[in-house]
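Raw contents of target-v8.cif, mmCIF, C-alpha atoms and all ligand atoms:
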```cif
data_run
loop_
_atom_site.label_atom_id
_atom_site.label_comp_id
_atom_site.auth_asym_id
_atom_site.auth_seq_id
_atom_site.Cartn_x
_atom_site.Cartn_y
_atom_site.Cartn_z
CA MET A 1 -121.24 247.85 -182.15
CA THR A 2 -123.41 244.86 -182.71
CA TYR A 3 -123.83 242.77 -179.59
CA ARG A 4 -122.86 239.14 -180.09
CA ILE A 5 -123.71 236.03 -178.11
CA THR A 6 -122.67 232.42 -178.62
CA VAL A 7 -124.96 229.65 -177.41
CA ALA A 8 -122.54 226.92 -176.39
CA MET A 9 -122.45 223.52 -174.73
CA GLN A 10 -120.33 220.60 -175.87
CA LYS A 11 -123.09 218.18 -174.96
CA GLY A 12 -125.55 217.14 -177.67
CA GLY A 13 -129.28 217.74 -177.57
CA VAL A 14 -129.43 220.16 -174.64
CA GLY A 15 -131.25 222.88 -176.58
CA LYS A 16 -128.55 225.05 -178.16
CA SER A 17 -130.27 225.39 -181.53
CA THR A 18 -133.75 225.74 -180.02
CA THR A 19 -132.52 228.47 -177.68
CA THR A 20 -130.71 230.26 -180.52
CA ILE A 21 -133.67 230.40 -182.88
CA ASN A 22 -136.30 231.23 -180.28
CA LEU A 23 -134.20 233.97 -178.71
CA ALA A 24 -133.67 235.30 -182.25
CA GLY A 25 -137.45 235.10 -182.75
CA ALA A 26 -138.05 236.98 -179.50
CA LEU A 27 -135.64 239.77 -180.42
CA ASN A 28 -137.06 240.00 -183.95
CA ASP A 29 -140.53 240.25 -182.44
CA ARG A 30 -139.33 243.33 -180.54
CA GLY A 31 -138.14 244.96 -183.75
CA HIS A 32 -134.41 244.27 -183.51
CA ASP A 33 -132.30 243.35 -186.52
CA VAL A 34 -131.03 239.87 -185.80
CA LEU A 35 -128.50 237.63 -187.52
CA VAL A 36 -128.07 233.98 -186.58
CA VAL A 37 -124.79 232.33 -187.59
CA ASP A 38 -125.06 228.55 -187.63
CA ALA A 39 -121.53 227.39 -186.83
CA ASP A 40 -122.57 223.77 -186.29
CA PRO A 41 -121.82 221.52 -189.30
CA GLN A 42 -124.87 219.46 -188.33
CA GLY A 43 -126.99 222.51 -189.11
CA GLY A 44 -129.57 222.18 -186.32
CA ALA A 45 -130.67 225.83 -186.42
CA THR A 46 -130.53 225.92 -190.23
CA LEU A 47 -132.75 222.85 -190.64
CA LYS A 48 -135.14 223.91 -187.88
CA MET A 49 -135.75 227.14 -189.81
CA GLY A 50 -136.39 225.19 -193.03
CA LEU A 51 -133.19 226.04 -194.93
CA ARG A 52 -132.66 222.46 -196.08
CA GLU A 53 -131.69 223.29 -199.66
CA GLU A 54 -129.15 225.86 -198.51
CA TYR A 55 -127.69 223.28 -196.14
CA ARG A 56 -127.41 220.53 -198.73
CA THR A 57 -126.74 222.30 -201.99
CA GLY A 58 -126.12 225.99 -201.26
CA ASP A 59 -123.54 227.60 -203.55
CA HIS A 60 -121.39 228.91 -200.72
CA ALA A 61 -120.57 227.77 -197.22
CA LEU A 62 -118.74 229.02 -194.15
CA PHE A 63 -116.10 226.51 -195.26
CA ASP A 64 -115.43 228.66 -198.34
CA VAL A 65 -115.14 231.82 -196.25
CA LEU A 66 -113.13 230.57 -193.27
CA SER A 67 -110.74 227.96 -194.61
CA ASP A 68 -107.65 228.66 -196.70
CA MET A 69 -108.92 225.96 -199.05
CA GLY A 70 -112.13 227.88 -199.75
CA THR A 71 -112.87 230.11 -202.71
CA LEU A 72 -114.16 233.09 -200.71
CA SER A 73 -112.52 235.56 -198.33
CA TYR A 74 -113.61 236.90 -194.92
CA ASP A 75 -115.19 239.88 -196.73
CA ASP A 76 -117.58 237.53 -198.48
CA LEU A 77 -119.49 236.36 -195.40
CA ASN A 78 -122.22 238.77 -196.60
CA GLU A 79 -122.89 236.52 -199.56
CA LEU A 80 -123.97 233.67 -197.33
CA ILE A 81 -126.75 235.58 -195.61
CA VAL A 82 -130.33 234.47 -196.29
CA SER A 83 -133.60 235.53 -194.68
CA THR A 84 -135.65 233.01 -192.72
CA GLY A 85 -138.70 235.26 -192.84
CA GLU A 86 -138.11 236.23 -189.20
CA PHE A 87 -134.41 237.05 -189.06
CA ASP A 88 -131.30 236.76 -191.23
CA MET A 89 -129.11 233.73 -191.10
CA VAL A 90 -125.71 232.46 -192.20
CA PRO A 91 -126.87 228.88 -192.70
CA SER A 92 -124.77 225.84 -192.07
CA HIS A 93 -123.72 223.60 -194.95
CA LEU A 94 -122.73 219.97 -195.34
CA LYS A 95 -119.31 221.20 -196.50
CA ASN A 96 -118.66 222.60 -193.04
CA PHE A 97 -117.95 219.09 -191.73
CA ASN A 98 -114.54 219.59 -193.36
CA LEU A 99 -113.97 222.90 -191.65
CA GLU A 100 -112.68 221.82 -188.23
CA LYS A 101 -109.59 220.06 -189.51
CA TYR A 102 -108.57 223.10 -191.54
CA LEU A 103 -109.19 225.52 -188.71
CA TYR A 104 -107.01 223.34 -186.46
CA SER A 105 -104.03 223.49 -188.74
CA GLU A 106 -104.33 227.00 -190.14
CA ALA A 107 -102.59 229.88 -188.45
CA GLY A 108 -105.37 232.12 -187.16
CA GLY A 109 -108.01 229.42 -187.61
CA HIS A 110 -109.54 230.13 -184.21
CA GLU A 111 -109.98 233.82 -185.03
CA ALA A 112 -111.27 233.32 -188.57
CA LEU A 113 -114.98 233.54 -187.70
CA ARG A 114 -114.42 236.69 -185.65
CA LYS A 115 -112.59 238.36 -188.53
CA ALA A 116 -115.34 237.44 -190.98
CA VAL A 117 -118.13 238.65 -188.67
CA ASP A 118 -116.20 241.91 -188.10
CA ARG A 119 -116.44 242.59 -191.82
CA LEU A 120 -120.19 242.17 -192.26
CA ASP A 121 -121.66 245.11 -194.13
CA ALA A 122 -125.18 245.01 -192.73
CA ASP A 123 -125.82 246.62 -189.41
CA TYR A 124 -127.38 244.11 -187.01
CA ASP A 125 -128.43 244.88 -183.44
CA ILE A 126 -127.47 241.40 -182.40
CA ILE A 127 -125.69 238.36 -183.78
CA LEU A 128 -126.41 234.96 -182.20
CA ILE A 129 -124.03 232.09 -182.93
CA ASP A 130 -125.19 228.48 -182.58
CA SER A 131 -122.17 226.30 -181.89
CA PRO A 132 -121.48 222.56 -182.30
CA PRO A 133 -121.82 219.92 -179.57
CA ASN A 134 -118.09 219.35 -179.21
CA LEU A 135 -115.01 221.28 -178.14
CA GLY A 136 -112.86 222.33 -181.06
CA PRO A 137 -111.89 225.24 -183.27
CA LEU A 138 -115.48 225.93 -184.35
CA SER A 139 -116.80 226.25 -180.81
CA ASP A 140 -113.64 228.09 -179.66
CA GLY A 141 -113.93 230.31 -182.73
CA SER A 142 -117.57 231.07 -181.92
CA LEU A 143 -116.66 232.08 -178.36
CA ILE A 144 -113.84 234.29 -179.63
CA ALA A 145 -116.14 235.84 -182.24
CA SER A 146 -118.79 236.83 -179.69
CA GLU A 147 -117.02 237.13 -176.30
CA ASN A 148 -120.40 236.52 -174.63
CA VAL A 149 -121.83 233.11 -173.96
CA LEU A 150 -125.14 231.58 -172.87
CA PHE A 151 -125.05 227.97 -171.67
CA PRO A 152 -128.09 225.79 -172.30
CA SER A 153 -128.29 222.68 -170.17
CA HIS A 154 -130.71 220.01 -169.11
CA PRO A 155 -131.67 220.50 -165.46
CA ASN A 156 -130.06 217.31 -164.22
CA THR A 157 -127.39 216.39 -161.72
CA ILE A 158 -124.63 215.71 -164.25
CA ALA A 159 -125.08 219.06 -166.03
CA ARG A 160 -122.43 220.71 -163.83
CA ASP A 161 -119.77 218.31 -165.12
CA SER A 162 -120.33 219.46 -168.71
CA LEU A 163 -120.34 223.08 -167.60
CA GLU A 164 -117.10 222.75 -165.66
CA ILE A 165 -115.41 221.33 -168.75
CA LEU A 166 -116.61 224.32 -170.76
CA PHE A 167 -115.49 226.82 -168.08
CA ASP A 168 -112.00 225.24 -168.27
CA GLU A 169 -112.04 225.51 -172.04
CA ILE A 170 -112.94 229.20 -171.81
CA GLU A 171 -110.05 229.76 -169.39
CA THR A 172 -107.71 228.01 -171.79
CA ILE A 173 -108.89 230.24 -174.65
CA GLU A 174 -108.44 233.38 -172.53
CA ASP A 175 -104.91 232.28 -171.53
CA LYS A 176 -103.95 231.66 -175.12
CA PHE A 177 -105.56 234.82 -176.53
CA ASP A 178 -105.30 237.33 -173.72
CA GLN A 179 -106.91 240.12 -175.78
CA TYR A 180 -110.29 238.38 -175.40
CA ASP A 181 -112.47 238.38 -172.34
CA ILE A 182 -115.33 235.90 -172.65
CA LYS A 183 -118.32 236.90 -170.54
CA THR A 184 -120.54 234.23 -169.01
CA MET A 185 -124.02 235.72 -169.43
CA GLY A 186 -126.13 233.00 -167.87
CA ALA A 187 -127.55 229.52 -168.16
CA VAL A 188 -130.71 228.28 -169.81
CA LEU A 189 -132.19 225.26 -168.05
CA ASN A 190 -134.01 223.66 -170.93
CA GLU A 191 -136.86 221.16 -170.91
CA VAL A 192 -137.75 221.71 -167.27
CA PRO A 193 -140.41 219.07 -166.40
CA SER A 194 -143.99 220.32 -166.29
CA GLN A 195 -144.16 220.07 -162.50
CA GLY A 196 -141.28 222.54 -162.43
CA ASN A 197 -139.20 220.15 -160.38
CA VAL A 198 -135.49 220.78 -160.61
CA ALA A 199 -133.36 218.88 -158.08
CA ARG A 200 -132.25 221.19 -155.27
CA GLU A 201 -128.61 220.32 -155.88
CA VAL A 202 -128.95 221.45 -159.50
CA GLU A 203 -130.87 224.62 -158.61
CA ASP A 204 -128.24 225.56 -156.00
CA TRP A 205 -125.25 224.88 -158.20
CA PHE A 206 -126.63 226.98 -161.06
CA SER A 207 -127.62 229.86 -158.77
CA GLU A 208 -124.19 229.89 -157.14
CA ASN A 209 -122.35 229.84 -160.44
CA PHE A 210 -124.47 232.21 -162.51
CA GLY A 211 -126.50 234.19 -159.98
CA GLU A 212 -130.18 233.45 -159.44
CA ASP A 213 -131.33 236.12 -161.92
CA TYR A 214 -129.22 234.65 -164.70
CA VAL A 215 -130.58 231.12 -164.64
CA PHE A 216 -133.43 231.02 -167.15
CA LYS A 217 -135.87 228.15 -167.30
CA ILE A 218 -137.68 226.83 -170.35
CA PRO A 219 -140.44 224.26 -169.72
CA ASP A 220 -140.59 220.98 -171.58
CA ARG A 221 -143.57 221.38 -173.94
CA ASP A 222 -144.64 219.75 -177.21
CA VAL A 223 -145.38 223.20 -178.64
CA VAL A 224 -141.61 223.76 -179.01
CA GLU A 225 -141.41 220.80 -181.42
CA HIS A 226 -144.64 221.81 -183.15
CA ALA A 227 -143.24 225.25 -183.99
CA ILE A 228 -140.16 223.58 -185.45
CA GLU A 229 -142.42 221.29 -187.49
CA TYR A 230 -143.72 224.49 -189.12
CA ARG A 231 -140.17 225.88 -189.49
CA THR A 232 -140.87 228.95 -187.41
CA THR A 233 -139.87 230.15 -183.99
CA ILE A 234 -142.46 229.99 -181.24
CA TYR A 235 -143.23 233.68 -181.92
CA GLN A 236 -144.52 233.12 -185.46
CA TYR A 237 -146.10 229.74 -184.79
CA ASP A 238 -149.87 229.66 -185.29
CA PRO A 239 -151.43 226.75 -183.34
CA GLU A 240 -154.81 227.08 -185.08
CA GLU A 241 -153.35 226.98 -188.56
CA ALA A 242 -151.01 224.14 -187.62
CA GLY A 243 -153.90 222.02 -186.43
CA TYR A 244 -152.78 222.01 -182.79
CA PRO A 245 -155.29 224.55 -181.37
CA TRP A 246 -154.71 223.18 -177.84
CA ASP A 247 -151.13 224.54 -178.06
CA ALA A 248 -152.29 228.11 -177.48
CA ASP A 249 -151.66 228.25 -173.73
CA ALA A 250 -148.34 226.42 -173.91
CA LYS A 251 -147.23 228.82 -176.64
CA GLU A 252 -147.86 231.75 -174.26
CA ASP A 253 -145.89 229.96 -171.52
CA ILE A 254 -142.92 229.27 -173.74
CA MET A 255 -142.91 232.81 -175.13
CA ALA A 256 -143.00 234.19 -171.60
CA SER A 257 -139.92 232.08 -170.81
CA TYR A 258 -137.94 233.27 -173.83
CA ASP A 259 -139.12 236.83 -173.17
CA GLN A 260 -137.20 236.77 -169.90
CA ILE A 261 -133.98 236.00 -171.75
CA ALA A 262 -134.85 238.63 -174.37
CA ASP A 263 -135.48 241.26 -171.65
CA TYR A 264 -132.03 240.56 -170.23
CA VAL A 265 -130.30 240.62 -173.62
CA GLU A 266 -132.14 243.80 -174.64
CA GLY A 267 -130.41 245.53 -171.72
CA PHE A 268 -127.14 245.25 -173.68
CA LEU A 269 -128.46 246.57 -177.01
N1 LIG A 301 -138.40 223.30 -174.18
C1 LIG A 301 -138.50 222.21 -174.95
N2 LIG A 301 -139.59 221.40 -174.89
C2 LIG A 301 -139.69 220.30 -175.66
N3 LIG A 301 -138.74 219.91 -176.53
C3 LIG A 301 -137.64 220.67 -176.65
C4 LIG A 301 -137.45 221.85 -175.87
N4 LIG A 301 -136.25 222.39 -176.20
C5 LIG A 301 -135.71 221.59 -177.13
N5 LIG A 301 -136.53 220.56 -177.41
C6 LIG A 301 -136.26 219.47 -178.36
O1 LIG A 301 -135.08 218.81 -177.94
C7 LIG A 301 -134.31 218.43 -179.07
C8 LIG A 301 -132.89 218.94 -178.93
O2 LIG A 301 -132.90 220.34 -179.00
P1 LIG A 301 -131.79 221.13 -179.84
O3 LIG A 301 -131.68 220.57 -181.21
O4 LIG A 301 -132.08 222.57 -179.69
O5 LIG A 301 -130.48 220.77 -179.00
P2 LIG A 301 -128.95 221.07 -179.40
O6 LIG A 301 -128.21 221.27 -178.14
O7 LIG A 301 -128.89 222.15 -180.41
O8 LIG A 301 -128.58 219.69 -180.08
P3 LIG A 301 -127.21 219.38 -180.88
O9 LIG A 301 -126.18 219.24 -179.85
O10 LIG A 301 -127.52 218.10 -181.61
O11 LIG A 301 -126.95 220.53 -181.78
C9 LIG A 301 -135.03 218.95 -180.30
O12 LIG A 301 -135.77 217.90 -180.86
C10 LIG A 301 -135.95 220.03 -179.74
O13 LIG A 301 -137.10 220.19 -180.51
MG MG A 302 -127.91 222.18 -182.24
#
```

Could you write out this structure as structure tokens?
Amino acid sequence: MTYRITVAMQKGGVGKSTTTINLAGALNDRGHDVLVVDADPQGGATLKMGLREEYRTGDHALFDVLSDMGTLSYDDLNELIVSTGEFDMVPSHLKNFNLEKYLYSEAGGHEALRKAVDRLDADYDIILIDSPPNLGPLSDGSLIASENVLFPSHPNTIARDSLEILFDEIETIEDKFDQYDIKTMGAVLNEVPSQGNVAREVEDWFSENFGEDYVFKIPDRDVVEHAIEYRTTIYQYDPEEAGYPWDADAKEDIMASYDQIADYVEGFL
């Protein structure tokens, strides 16, 4: 079966979308068939990969597939898939801002995404789901659809408070739907300052909660933004062509960081 991972954190701007697309880029680079599902109505991953038209005016949206009000059924998730040039994607869509309220009220709303993903025709090695920066049926639905979760976070002293809220949410989901067992895969400390300084308290808390080997660190580097400017992942980004030739070393650094996550994930494929 296809391995599935949700990248989740109910805090905005911590690097969920950046982690999702660059991990997808890393796994694509190794020859795996990757699908990214953008479950965030704000469409961070979709826009970062340049699918602006799909987001604003695409014919179909997850809304149409997942909500009772939509015109498509779970079987039709296939029709939403587009290629980014590196991996396949179910892009987000402006319409999806209406999705949460329907998923709240519909019977089975929380399991809708899982049912749709179960029915995909194409055979992917891995499906990565980028989830929204709030707790609700879309983020719950993403966790239920994947049963594995990676937690991006900024390496600061209040990060644990956000994580503890999410751990509680996962427990609540597991109590309500006892057929699902959501596995905490690890944390991604994102935008680690160039000196590599992470407060000891933060380092310790993450190691204790995830295990030292499952706390991945991504440095804070302009090259991450530059790749997005060119609508590629770091793996396909060409510093020379982009006019940022001095990015070459930082690109290697950032790829080495994502490669560590990819090595770990590859162990499950
Ligand atoms: N390692 C990094 N170095 C420098 N900038 C980064 C890095 N990772 C992410 N960023 C930048 O930080 C910003 C937030 O990242 P991102 O959009 O991935 O967060 P998010 O958690 O998905 O946000 P949201 O909650 O709004 O969906 C983006 O502008 C991104 O380019
Ligand atoms: Mg995002």

At most 12 Å is the cut-off: for each residue in chain A with any atom that close to an atom of ligand MG 302 (chain A), write down the nearest atom pair and the distance in Å rounded to one decimal, counting all atoms listed in the file, chain first then increasing number, as CSV.
```
residue,atom,partner,partner_atom,distance
A:Val7,CA,A:MG302,MG,9.4
A:Ala8,CA,A:MG302,MG,9.2
A:Met9,CA,A:MG302,MG,9.4
A:Gln10,CA,A:MG302,MG,10.0
A:Lys11,CA,A:MG302,MG,9.6
A:Gly12,CA,A:MG302,MG,7.2
A:Gly13,CA,A:MG302,MG,6.6
A:Val14,CA,A:MG302,MG,8.0
A:Gly15,CA,A:MG302,MG,6.6
A:Lys16,CA,A:MG302,MG,5.0
A:Ser17,CA,A:MG302,MG,4.0
A:Thr18,CA,A:MG302,MG,7.2
A:Thr19,CA,A:MG302,MG,9.0
A:Thr20,CA,A:MG302,MG,8.7
A:Ile21,CA,A:MG302,MG,10.1
A:Val37,CA,A:MG302,MG,11.9
A:Asp38,CA,A:MG302,MG,8.8
A:Ala39,CA,A:MG302,MG,9.4
A:Asp40,CA,A:MG302,MG,6.9
A:Pro41,CA,A:MG302,MG,9.3
A:Gln42,CA,A:MG302,MG,7.3
A:Gly43,CA,A:MG302,MG,6.9
A:Gly44,CA,A:MG302,MG,4.4
A:Ala45,CA,A:MG302,MG,6.2
A:Thr46,CA,A:MG302,MG,9.2
A:Leu47,CA,A:MG302,MG,9.7
A:Lys48,CA,A:MG302,MG,9.3
A:Met49,CA,A:MG302,MG,12.0
A:Ser92,CA,A:MG302,MG,10.9
A:Ile129,CA,A:MG302,MG,10.7
A:Asp130,CA,A:MG302,MG,6.9
A:Ser131,CA,A:MG302,MG,7.1
A:Pro132,CA,A:MG302,MG,6.4
A:Pro133,CA,A:MG302,MG,7.0
A:Asn134,CA,A:MG302,MG,10.7
A:Ser139,CA,A:MG302,MG,11.9
A:Pro152,CA,A:MG302,MG,10.6
```

- request: Could you pull out every residue with an atom within 12 Å of (-143.9, 221.7, -187.1), file coordinates, counting only C-alpha atoms, and send them as a list in words?
  value: Leu47, Lys48, Met49, Gly50, Asp222, Val223, Val224, Glu225, His226, Ala227, Ile228, Glu229, Tyr230, Arg231, Thr232, Thr233, Ile234, Gln236, Tyr237, Asp238, Pro239, Glu241, Ala242, Gly243, Tyr244 and Asp247 of chain A

query: If you count only C-alpha atoms, which residues fall within 8 Å of segment 262-266 of chain A, apart from same-chain ones fewer than 5 positions away, as a PyMOL selection string?
result: chain A and resi 23+26-27

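Distances here use only C-alpha atoms; by that measure, the residue among A:Phe268, A:Phe97, A:Tyr124, A:Trp246 closest to Arg221 of chain A is A:Trp246.
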
- request: Compare A:Ala107, A:Ala24, A:Ala187, A:Val90 by their minimum atom-to-atom distance to Asp259 of chain A, counting all atoms listed in the file, and give me the closest one.
  value: A:Ala24

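The interatomic distance for the pair atom CA of Leu135 of chain A and atom CA of Leu62 of chain A works out to 18.2 Å.
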
May I have the protein, DNA and RNA residues with any atom at most 12 Å from the point (-119.5, 238.3, -175.3), counting only C-alpha atoms, written as a PDB file with C-alpha atoms, in the frame of the given file?
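Below you can see out.pdb, which holds the result:
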```
ATOM      1  CA  MET A   1    -121.240 247.850-182.150  1.00  0.00           C
ATOM      2  CA  THR A   2    -123.410 244.860-182.710  1.00  0.00           C
ATOM      3  CA  TYR A   3    -123.830 242.770-179.590  1.00  0.00           C
ATOM      4  CA  ARG A   4    -122.860 239.140-180.090  1.00  0.00           C
ATOM      5  CA  ILE A   5    -123.710 236.030-178.110  1.00  0.00           C
ATOM      6  CA  THR A   6    -122.670 232.420-178.620  1.00  0.00           C
ATOM      7  CA  VAL A   7    -124.960 229.650-177.410  1.00  0.00           C
ATOM      8  CA  ALA A   8    -122.540 226.920-176.390  1.00  0.00           C
ATOM      9  CA  ARG A 114    -114.420 236.690-185.650  1.00  0.00           C
ATOM     10  CA  ILE A 126    -127.470 241.400-182.400  1.00  0.00           C
ATOM     11  CA  ILE A 127    -125.690 238.360-183.780  1.00  0.00           C
ATOM     12  CA  LEU A 128    -126.410 234.960-182.200  1.00  0.00           C
ATOM     13  CA  ILE A 129    -124.030 232.090-182.930  1.00  0.00           C
ATOM     14  CA  SER A 142    -117.570 231.070-181.920  1.00  0.00           C
ATOM     15  CA  LEU A 143    -116.660 232.080-178.360  1.00  0.00           C
ATOM     16  CA  ILE A 144    -113.840 234.290-179.630  1.00  0.00           C
ATOM     17  CA  ALA A 145    -116.140 235.840-182.240  1.00  0.00           C
ATOM     18  CA  SER A 146    -118.790 236.830-179.690  1.00  0.00           C
ATOM     19  CA  GLU A 147    -117.020 237.130-176.300  1.00  0.00           C
ATOM     20  CA  ASN A 148    -120.400 236.520-174.630  1.00  0.00           C
ATOM     21  CA  VAL A 149    -121.830 233.110-173.960  1.00  0.00           C
ATOM     22  CA  LEU A 150    -125.140 231.580-172.870  1.00  0.00           C
ATOM     23  CA  ILE A 170    -112.940 229.200-171.810  1.00  0.00           C
ATOM     24  CA  TYR A 180    -110.290 238.380-175.400  1.00  0.00           C
ATOM     25  CA  ASP A 181    -112.470 238.380-172.340  1.00  0.00           C
ATOM     26  CA  ILE A 182    -115.330 235.900-172.650  1.00  0.00           C
ATOM     27  CA  LYS A 183    -118.320 236.900-170.540  1.00  0.00           C
ATOM     28  CA  THR A 184    -120.540 234.230-169.010  1.00  0.00           C
ATOM     29  CA  MET A 185    -124.020 235.720-169.430  1.00  0.00           C
ATOM     30  CA  GLY A 186    -126.130 233.000-167.870  1.00  0.00           C
ATOM     31  CA  VAL A 265    -130.300 240.620-173.620  1.00  0.00           C
ATOM     32  CA  PHE A 268    -127.140 245.250-173.680  1.00  0.00           C
TER      33      PHE A 268
END
```

message: Just checking: using all atoms listed in the file, which residue out of A:Ala61, A:Ala256, A:Ile261, A:Val192 ends up closest to ligand LIG 301 (chain A)?
response: A:Val192

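Note that the spacing between atom CA of Gln260 of chain A and atom CA of Phe216 of chain A amounts to 7.4 Å.
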
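Coordinates place atom CA of Lys217 of chain A at a distance of 27.0 Å from atom CA of Pro91 of chain A.
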
Enclosing box along x, y and z for every listed atom of ligand LIG 301 (chain A), padded 3 Å each side, centre and size in Å, one decimal, as lines of an AutoDock Vina configuration file:
```
center_x = -132.9
center_y = 220.6
center_z = -178.0
size_x = 19.5
size_y = 11.4
size_z = 13.6
```

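Here the question is which of A:Ser83, A:Asn22, A:Asp161, A:Ala122 gets nearest to Ile218 of chain A using all atoms listed in the file, and that residue is A:Asn22.
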
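With distances taken over only C-alpha atoms and all ligand atoms, A:Ser194 is the one residue among A:Asn98, A:Thr84, A:Ser105, A:Ser194 lying closest to ligand LIG 301 (chain A).
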
query: Looking at A:Val198, A:Leu94, A:Val188, A:Ala248, which one is nearest to ligand LIG 301 (chain A), with distances taken over only C-alpha atoms and all ligand atoms?
result: A:Val188

Kindly add N, CA and C atoms to the incomplete segment 48-64 of chain A and provide the output as an mmCIF file, keeping the file's coordinate frame.
```
data_model
loop_
_atom_site.group_PDB
_atom_site.id
_atom_site.type_symbol
_atom_site.label_atom_id
_atom_site.label_comp_id
_atom_site.auth_asym_id
_atom_site.auth_seq_id
_atom_site.Cartn_x
_atom_site.Cartn_y
_atom_site.Cartn_z
ATOM 1 N N LYS A 48 -133.939 223.562 -188.641
ATOM 2 C CA LYS A 48 -135.140 223.910 -187.880
ATOM 3 C C LYS A 48 -135.869 225.086 -188.517
ATOM 4 N N MET A 49 -135.117 225.992 -189.148
ATOM 5 C CA MET A 49 -135.750 227.140 -189.810
ATOM 6 C C MET A 49 -136.091 226.841 -191.274
ATOM 7 N N GLY A 50 -135.927 225.599 -191.702
ATOM 8 C CA GLY A 50 -136.390 225.190 -193.030
ATOM 9 C C GLY A 50 -135.410 225.460 -194.170
ATOM 10 N N LEU A 51 -134.145 225.733 -193.855
ATOM 11 C CA LEU A 51 -133.190 226.040 -194.930
ATOM 12 C C LEU A 51 -132.454 224.768 -195.389
ATOM 13 N N ARG A 52 -133.230 223.764 -195.747
ATOM 14 C CA ARG A 52 -132.660 222.460 -196.080
ATOM 15 C C ARG A 52 -131.862 222.497 -197.388
ATOM 16 N N GLU A 53 -132.397 223.206 -198.368
ATOM 17 C CA GLU A 53 -131.690 223.290 -199.660
ATOM 18 C C GLU A 53 -130.360 224.007 -199.506
ATOM 19 N N GLU A 54 -130.381 225.111 -198.747
ATOM 20 C CA GLU A 54 -129.150 225.860 -198.510
ATOM 21 C C GLU A 54 -128.112 224.961 -197.841
ATOM 22 N N TYR A 55 -128.588 224.155 -196.893
ATOM 23 C CA TYR A 55 -127.690 223.280 -196.140
ATOM 24 C C TYR A 55 -127.070 222.210 -197.036
ATOM 25 N N ARG A 56 -127.903 221.658 -197.931
ATOM 26 C CA ARG A 56 -127.410 220.530 -198.730
ATOM 27 C C ARG A 56 -126.734 220.938 -200.022
ATOM 28 N N THR A 57 -127.261 221.984 -200.657
ATOM 29 C CA THR A 57 -126.740 222.300 -201.990
ATOM 30 C C THR A 57 -126.456 223.790 -202.202
ATOM 31 N N GLY A 58 -126.407 224.554 -201.120
ATOM 32 C CA GLY A 58 -126.120 225.990 -201.260
ATOM 33 C C GLY A 58 -124.804 226.223 -201.999
ATOM 34 N N ASP A 59 -124.740 227.318 -202.756
ATOM 35 C CA ASP A 59 -123.540 227.600 -203.550
ATOM 36 C C ASP A 59 -122.314 227.847 -202.688
ATOM 37 N N HIS A 60 -122.532 228.532 -201.555
ATOM 38 C CA HIS A 60 -121.390 228.910 -200.720
ATOM 39 C C HIS A 60 -121.600 228.436 -199.298
ATOM 40 N N ALA A 61 -120.507 228.243 -198.600
ATOM 41 C CA ALA A 61 -120.570 227.770 -197.220
ATOM 42 C C ALA A 61 -119.549 228.517 -196.376
ATOM 43 N N LEU A 62 -119.751 228.459 -195.059
ATOM 44 C CA LEU A 62 -118.740 229.020 -194.150
ATOM 45 C C LEU A 62 -117.368 228.424 -194.474
ATOM 46 N N PHE A 63 -117.366 227.158 -194.885
ATOM 47 C CA PHE A 63 -116.100 226.510 -195.260
ATOM 48 C C PHE A 63 -115.342 227.367 -196.278
ATOM 49 N N ASP A 64 -116.077 227.888 -197.273
ATOM 50 C CA ASP A 64 -115.430 228.660 -198.340
ATOM 51 C C ASP A 64 -114.878 229.987 -197.815
#
```
